[in-house]
Amino acid sequence: MFKSKLNVILFPIVLCAFLFGIAYSTNADCPACPAFNNCAGDLELLTLKNRTQNTPSWQSSISANAGDTVAFNVYYHNCVSDTTANNTKVRLDFSNIETSPILATAYLWADNASYVTDSGTITVSTPQKLNFASTAKWYPDQSSSNPTIVPVTVNITSAQVTIGNIQGNWTHQGYVVFEATLSGSSVNHPPTANAGSDKDIQEGEITTLNGSGSDPDSDPITYSWSCTGGSLSSYSTAQPTYTAPSVSYNTYYTCTLTVRDDKGLTSSDSMTVYVRNQDSGNLYVSLTPSPSSGYAPLNNVSLTAYLSGSATGDATFKFDCTNDGSWERITTANSNSNTAYSLCNYYSNGNYTARTEVTRGGMTNSATAPVYVGGSYQTGSFVVTKLVKNLSDGTGWQTTVAADPGEVLYFSIQVTAVNNSNDVVIKDVLPAKLTYGGDLRLDNVPTAGDIINGLNIGYMSANQTRTITFRAVVANADQFVFGTTELTNTAQVNNSTLTGGTAKISVTRGAVAGITTVVTGINPLFISLIVALSIALVFYFFWTNLEKSQNASARKFLSWFYRMRSLIFK
């Protein structure tokens with residue numbers, strides 16, 4: 001009886017074990033899997049040479065210049081004897097934008113072997129990018145001459161070759177050598193500045209400064225003036241008008257013009273303004289606006305002229321709100337001061353110059369004073385829209401975009417001023433694993449500046465909108481864990497983070513293409529035995545009830561089963 005029931009248990013165990021054994025032999029990992037470059041004596045996976053500069057040996061880091069050809073040597077060796085690494089591939093990852101330094105990362109793997117990786121660095125004096133050749137040289141089986149020329153699949157950020165099945169012993173070690181040429185923008189040259197000829201004028205006189213500038217690279221340029229005395233109609237144009245101050249004696253003043261290109265390079269030149277005293281040393285004039293600054297529109301500004309010196313008698317006071325040569329008020333009084341109340345209205349933001357001219361006792365003198373119309377920023381006085389697009393994948397503008405390691409992104413910061421605002425500074429806060437990639441533009445015009453530390457876009461009037469765009473690069477795969485990582489990029493206006501000023505990037509790192517799933521360590525044969533035993537126990541209890549049954553069909557099934565059992569266990 002016991003033997004009969006034991007046979008009942010053994011039969012399904014043997015049957016299940018047989019079936020699971022077939023499945024295991026078909027799908028299980030190899031008994032000893034191939035592995036790359038982890039034996040004693042193996043060489044470094046990735047080394048580099050500068051072909052143009054004849055680098056004497058393969059190195060992990062080299063230097064190069066624009067136009068140089070650089071070679072990348074990838075070493076491979078299947079360390080496990082009596083194995084074959086199937087469909088072996090070699091890949092180089094790199095940035096598709098101009099960078100300094102340049103980082104290249106090598107990957108080596110097979111369908112049945114996990115990948116190994118290594119990186120190399122190219123130091124360059126100016127940002128460059130790599131342009132890979134369409135073929136590579138393969139030196140199989142320790143050969144050092146007569147390489148096999150293999151095609152290279154070159155994508156935006158990678159170059160890859162397939163070298164097939166690699167057997168596992170020291171005889172079958174070898175190299176794959178890629179080549180790439182460095183290219184980048186030409187080196188920028190500074191602009192030139194010319195402040196123009198010197199001037200010889202009387203105090204209070206107005207003259208034009210003949211400044212000019214140029215750039216040898218035809219880059220956009222801007223102008224900036226500074227003077228040790230006197231006032232200018234504009235400090236950011238090439239040829240402003242200069243108003244000489246009142247002087248007690250002949251005085252020299254220096255005005256300096258600085259020209260800046262859109263790469264941030266500058267050049268300066270100076271000229272001299274010789275201001276002569278009008279021999280009216282006994283009549284001195286000063287001017288005070290009230291208020292002297294405020295938000296636009298700045299209305300009802302009063303101008304007060306103050307007199308000093310030995311001149312006496314009636315004085316004729318003339319007042320000019322914008323120093324344009326047109327007097328808004330002329331009055332006569334026997335007083336050492338005179339106020340033109342609520343005389344001036346300034347409707348737009350800017351730097352204005354008010355002027356007074358006074359005649360007394362046959363002597364005339366004048367004075368000017370600045371009026372500043374504008375205002376500092378107020379938190380909440382801007383509307384910010386932050387968008388991002390994946391340049392590598394060709395997506396449109398979005399608030400959230402998906403990306404893979406190494407891909408190139410493009411960010412847009414759109415700022416709308418609610419109020420008139422001066423000295424508006426836009427800043428972008430890049431999260432870790434995103435690197436600034438250049439191509440900074442203001443309203444689609446290339447501009448110099450630093451969006452990371454703050455780009456000053458100057459004055460913005462109410463309801464005016466400015467748009468800043470720039471490029472960024474996602475870090476390489478080794479900087480991310482497997483799965484999806486959320487990165488948040490934030491825009492700030494005058495150091496304040498405003499609603500709508502963020503964009504999100506979902507970076508997904510998956511397994512390297514062609515890499516098989518990592519073995520977990522659980523033996524499938526052990527699993528098959530557990531499953532078979534569980535089935536046998538269920539079958540045993542089923543069989544005990546079946547033997548007690550008097551049903552004709554059940555008795556017929558038992559007869560068939562006993563015949564099959566006798567064939568297996570005879």
# chains A, B, ... in the order shown; residues from 1 in each chain; ligands from 1
call {"tool": "residues_around", "arguments": {"residues": "stretch 30-42 of chain A", "least_positions_apart": "3", "cutoff": "8 Å", "atoms": "only C-alpha atoms", "output": "list of chain:residue names"}}
result
A:Leu45, A:Tyr76, A:His77, A:Asn78, A:Cys79, A:Val80, A:Ser81, A:Thr83, A:Thr84, A:Ala85, A:Leu108, A:Trp109, A:Asn112, A:Ala113, A:Ser114, A:Tyr115, A:Val116, A:Gly168
call {"tool": "closest_residue", "arguments": {"among": "A:Ser412, A:Ser381, A:Gln53, A:Thr69", "to": "A:Asn444", "atoms": "only C-alpha atoms"}}
result
A:Ser412
call {"tool": "closest_residue", "arguments": {"among": "A:Leu283, A:Ile149, A:Ile505, A:Ala180", "to": "A:Asn50", "atoms": "only C-alpha atoms"}}
result
A:Ala180
call {"tool": "residues_around", "arguments": {"residues": "A:Glu179", "least_positions_apart": "6", "cutoff": "6 Å", "atoms": "only C-alpha atoms", "output": "list in words"}}
result
Val70, Ala71, Phe132 and Ala133 of chain A
call {"tool": "select_by_dssp", "arguments": {"residues": "stretch 36-171 of chain A", "states": "strand (DSSP E or B)", "output": "ChimeraX atom specification"}}
result
/A:36,46-50,59,61-64,69-76,78,84-93,99,102-110,113-124,128-132,135-139,148-151,153-154,158-167
call {"tool": "closest_atom_pairs", "arguments": {"of": "stretch 412-470 of chain A", "to": "stretch 327-351 of chain A", "cutoff": "9 Å", "atoms": "only C-alpha atoms", "output": "Markdown table"}}
result
| residue | atom | partner | partner_atom | distance |
| --- | --- | --- | --- | --- |
| A:Asn420 | CA | A:Asn349 | CA | 7.6 |
| A:Ser421 | CA | A:Asn349 | CA | 8.7 |
| A:Asn422 | CA | A:Asn349 | CA | 8.4 |
| A:Tyr459 | CA | A:Asn349 | CA | 8.1 |
| A:Ser461 | CA | A:Asn349 | CA | 7.9 |
call {"tool": "write_last_selection", "arguments": {"atoms": "N, CA and C atoms", "output": "mmCIF file, in the first residue's frame"}}
result
data_model
loop_
_atom_site.group_PDB
_atom_site.id
_atom_site.type_symbol
_atom_site.label_atom_id
_atom_site.label_comp_id
_atom_site.auth_asym_id
_atom_site.auth_seq_id
_atom_site.Cartn_x
_atom_site.Cartn_y
_atom_site.Cartn_z
ATOM 1 N N ASN A 420 6.291 99.502 -14.003
ATOM 2 C CA ASN A 420 7.563 99.990 -14.510
ATOM 3 C C ASN A 420 8.661 99.558 -13.547
ATOM 4 N N SER A 421 9.703 98.949 -14.075
ATOM 5 C CA SER A 421 10.741 98.381 -13.217
ATOM 6 C C SER A 421 12.111 98.643 -13.818
ATOM 7 N N ASN A 422 13.067 98.988 -12.974
ATOM 8 C CA ASN A 422 14.423 99.286 -13.421
ATOM 9 C C ASN A 422 15.383 98.219 -12.897
ATOM 10 N N TYR A 459 15.802 98.191 -17.835
ATOM 11 C CA TYR A 459 14.483 98.760 -17.538
ATOM 12 C C TYR A 459 13.391 98.023 -18.312
ATOM 13 N N SER A 461 9.143 98.498 -18.971
ATOM 14 C CA SER A 461 7.937 99.280 -18.737
ATOM 15 C C SER A 461 6.779 98.345 -18.410
#
call {"tool": "closest_residue", "arguments": {"among": "A:Leu103, A:Ala369, A:Val74, A:Cys227", "to": "A:Ala305", "atoms": "only C-alpha atoms"}}
result
A:Ala369
call {"tool": "residues_around", "arguments": {"residues": "A:Val285", "least_positions_apart": "3", "cutoff": "7 Å", "atoms": "only C-alpha atoms", "output": "list of chain:residue names"}}
result
A:Ala305, A:Tyr306, A:Leu307, A:Ser308, A:Asn365, A:Ser366, A:Ala367
call {"tool": "residues_around", "arguments": {"residues": "stretch 243-256 of chain A", "least_positions_apart": "3", "cutoff": "9 Å", "atoms": "only C-alpha atoms", "output": "PyMOL selection string"}}
result
chain A and resi 195+201-208+224-233+268-281+284-286+323+365-368
call {"tool": "residues_around", "arguments": {"residues": "A:Ser506", "least_positions_apart": "6", "cutoff": "8 Å", "atoms": "only C-alpha atoms", "output": "short mmCIF file (atom, residue, chain, number, x, y, z; two decimals) with N, CA and C atoms, in the first residue's frame"}}
result
data_model
loop_
_atom_site.label_atom_id
_atom_site.label_comp_id
_atom_site.auth_asym_id
_atom_site.auth_seq_id
_atom_site.Cartn_x
_atom_site.Cartn_y
_atom_site.Cartn_z
N THR A 400 6.71 70.41 -18.61
CA THR A 400 7.40 69.19 -18.17
C THR A 400 7.79 68.41 -19.41
N VAL A 401 9.02 67.92 -19.45
CA VAL A 401 9.50 67.18 -20.61
C VAL A 401 10.28 65.95 -20.15
N ALA A 402 10.19 64.89 -20.93
CA ALA A 402 10.96 63.67 -20.65
C ALA A 402 12.30 63.74 -21.35
N ALA A 403 13.33 63.17 -20.72
CA ALA A 403 14.68 63.22 -21.30
C ALA A 403 15.45 62.00 -20.87
N THR A 484 13.38 56.61 -13.00
CA THR A 484 13.08 58.00 -13.36
C THR A 484 13.47 58.96 -12.25
N THR A 485 14.19 60.02 -12.61
CA THR A 485 14.59 61.08 -11.68
C THR A 485 13.93 62.39 -12.10
N GLU A 486 13.27 63.06 -11.17
CA GLU A 486 12.61 64.34 -11.46
C GLU A 486 13.55 65.50 -11.13
N LEU A 487 13.80 66.36 -12.11
CA LEU A 487 14.63 67.55 -11.92
C LEU A 487 13.74 68.78 -12.11
#
call {"tool": "residues_around", "arguments": {"residues": "A:Lys386", "least_positions_apart": "5", "cutoff": "8 Å", "atoms": "only C-alpha atoms", "output": "ChimeraX atom specification"}}
result
/A:399,411-414,490-491,500-503
call {"tool": "closest_residue", "arguments": {"among": "A:Leu440, A:Ala432, A:Ile535, A:Ala477", "to": "A:Asn489", "atoms": "only C-alpha atoms"}}
result
A:Ala432
call {"tool": "atom_distance", "arguments": {"atom1": "atom CA of A:Ala296", "atom2": "atom CA of A:Val425"}}
result
19.9 Å
call {"tool": "atom_distance", "arguments": {"atom1": "atom CA of A:Phe72", "atom2": "atom CA of A:Val150"}}
result
14.6 Å
call {"tool": "closest_residue", "arguments": {"among": "A:Asp450, A:Asp404, A:Asp217, A:Glu357", "to": "A:Tyr436", "atoms": "only C-alpha atoms"}}
result
A:Asp450
call {"tool": "decode", "arguments": {"residues": "stretch 82-183 of chain A", "atoms": "C-alpha atoms", "output": "mmCIF file, in the first residue's frame"}}
result
data_model
loop_
_atom_site.group_PDB
_atom_site.id
_atom_site.type_symbol
_atom_site.label_atom_id
_atom_site.label_comp_id
_atom_site.auth_asym_id
_atom_site.auth_seq_id
_atom_site.Cartn_x
_atom_site.Cartn_y
_atom_site.Cartn_z
ATOM 1 C CA ASP A 82 35.196 28.258 -22.363
ATOM 2 C CA THR A 83 32.541 31.006 -22.754
ATOM 3 C CA THR A 84 31.489 33.208 -25.624
ATOM 4 C CA ALA A 85 30.304 36.801 -25.284
ATOM 5 C CA ASN A 86 27.514 37.021 -27.852
ATOM 6 C CA ASN A 87 26.996 40.050 -30.093
ATOM 7 C CA THR A 88 29.615 42.216 -28.369
ATOM 8 C CA LYS A 89 29.246 45.989 -28.739
ATOM 9 C CA VAL A 90 31.466 49.002 -28.029
ATOM 10 C CA ARG A 91 30.017 52.495 -27.598
ATOM 11 C CA LEU A 92 31.348 56.005 -26.890
ATOM 12 C CA ASP A 93 29.038 58.626 -25.371
ATOM 13 C CA PHE A 94 29.825 62.348 -25.698
ATOM 14 C CA SER A 95 28.191 65.777 -25.683
ATOM 15 C CA ASN A 96 26.888 67.187 -28.962
ATOM 16 C CA ILE A 97 27.528 70.797 -27.945
ATOM 17 C CA GLU A 98 30.721 72.777 -27.564
ATOM 18 C CA THR A 99 32.125 72.188 -24.069
ATOM 19 C CA SER A 100 35.353 72.646 -22.162
ATOM 20 C CA PRO A 101 36.680 70.209 -21.085
ATOM 21 C CA ILE A 102 35.246 67.394 -23.225
ATOM 22 C CA LEU A 103 34.201 64.167 -21.468
ATOM 23 C CA ALA A 104 33.862 60.870 -23.368
ATOM 24 C CA THR A 105 32.490 57.689 -21.750
ATOM 25 C CA ALA A 106 33.059 54.159 -23.142
ATOM 26 C CA TYR A 107 30.735 51.164 -22.676
ATOM 27 C CA LEU A 108 31.557 47.498 -23.463
ATOM 28 C CA TRP A 109 28.936 44.757 -23.221
ATOM 29 C CA ALA A 110 27.386 41.678 -24.867
ATOM 30 C CA ASP A 111 23.958 40.073 -24.977
ATOM 31 C CA ASN A 112 25.013 37.708 -22.192
ATOM 32 C CA ALA A 113 27.611 39.857 -20.379
ATOM 33 C CA SER A 114 27.089 42.911 -18.184
ATOM 34 C CA TYR A 115 28.580 46.192 -19.307
ATOM 35 C CA VAL A 116 31.791 47.827 -18.074
ATOM 36 C CA THR A 117 32.418 51.562 -18.447
ATOM 37 C CA ASP A 118 35.246 54.100 -18.251
ATOM 38 C CA SER A 119 35.716 57.796 -19.060
ATOM 39 C CA GLY A 120 38.397 59.982 -20.601
ATOM 40 C CA THR A 121 38.907 63.755 -20.667
ATOM 41 C CA ILE A 122 40.086 66.159 -23.370
ATOM 42 C CA THR A 123 41.269 69.546 -22.083
ATOM 43 C CA VAL A 124 40.667 72.373 -24.587
ATOM 44 C CA SER A 125 41.381 76.104 -24.371
ATOM 45 C CA THR A 126 38.049 77.052 -25.980
ATOM 46 C CA PRO A 127 34.777 75.077 -26.055
ATOM 47 C CA GLN A 128 34.829 72.399 -28.753
ATOM 48 C CA LYS A 129 32.748 69.403 -29.835
ATOM 49 C CA LEU A 130 33.587 65.987 -31.315
ATOM 50 C CA ASN A 131 32.902 64.978 -34.926
ATOM 51 C CA PHE A 132 33.379 61.189 -35.213
ATOM 52 C CA ALA A 133 34.555 59.349 -38.308
ATOM 53 C CA SER A 134 32.150 56.865 -39.924
ATOM 54 C CA THR A 135 34.582 53.954 -39.542
ATOM 55 C CA ALA A 136 36.788 52.573 -36.770
ATOM 56 C CA LYS A 137 39.817 50.260 -36.676
ATOM 57 C CA TRP A 138 39.380 46.882 -34.990
ATOM 58 C CA TYR A 139 42.481 45.029 -33.790
ATOM 59 C CA PRO A 140 41.149 41.548 -32.856
ATOM 60 C CA ASP A 141 43.014 38.699 -31.142
ATOM 61 C CA GLN A 142 46.015 40.707 -29.917
ATOM 62 C CA SER A 143 46.844 41.925 -33.426
ATOM 63 C CA SER A 144 48.792 45.196 -33.700
ATOM 64 C CA SER A 145 48.767 45.638 -37.481
ATOM 65 C CA ASN A 146 46.416 45.223 -40.431
ATOM 66 C CA PRO A 147 43.277 46.210 -38.535
ATOM 67 C CA THR A 148 39.782 45.390 -39.712
ATOM 68 C CA ILE A 149 37.838 48.469 -40.772
ATOM 69 C CA VAL A 150 34.375 48.389 -39.186
ATOM 70 C CA PRO A 151 31.447 50.797 -39.688
ATOM 71 C CA VAL A 152 30.535 53.192 -36.890
ATOM 72 C CA THR A 153 26.934 54.075 -36.122
ATOM 73 C CA VAL A 154 27.158 57.766 -35.170
ATOM 74 C CA ASN A 155 24.188 59.373 -33.416
ATOM 75 C CA ILE A 156 23.794 62.800 -31.819
ATOM 76 C CA THR A 157 25.599 61.798 -28.601
ATOM 77 C CA SER A 158 27.120 58.357 -29.297
ATOM 78 C CA ALA A 159 29.308 56.337 -31.665
ATOM 79 C CA GLN A 160 28.925 52.528 -31.663
ATOM 80 C CA VAL A 161 30.393 49.430 -33.356
ATOM 81 C CA THR A 162 29.523 45.731 -33.131
ATOM 82 C CA ILE A 163 32.412 43.209 -33.070
ATOM 83 C CA GLY A 164 30.393 39.992 -32.781
ATOM 84 C CA ASN A 165 31.110 36.961 -30.586
ATOM 85 C CA ILE A 166 34.224 37.104 -28.387
ATOM 86 C CA GLN A 167 35.621 33.868 -26.976
ATOM 87 C CA GLY A 168 36.889 33.695 -23.435
ATOM 88 C CA ASN A 169 40.654 33.452 -23.089
ATOM 89 C CA TRP A 170 43.729 35.655 -23.354
ATOM 90 C CA THR A 171 44.182 34.945 -27.065
ATOM 91 C CA HIS A 172 41.000 36.807 -27.867
ATOM 92 C CA GLN A 173 41.763 40.198 -26.346
ATOM 93 C CA GLY A 174 41.880 43.228 -28.621
ATOM 94 C CA TYR A 175 41.091 46.895 -29.287
ATOM 95 C CA VAL A 176 38.662 49.134 -31.150
ATOM 96 C CA VAL A 177 40.025 52.568 -32.110
ATOM 97 C CA PHE A 178 37.623 55.436 -32.896
ATOM 98 C CA GLU A 179 38.751 58.818 -34.278
ATOM 99 C CA ALA A 180 37.102 62.243 -34.018
ATOM 100 C CA THR A 181 38.002 65.801 -35.011
ATOM 101 C CA LEU A 182 37.530 68.771 -32.680
ATOM 102 C CA SER A 183 35.587 71.743 -33.999
#
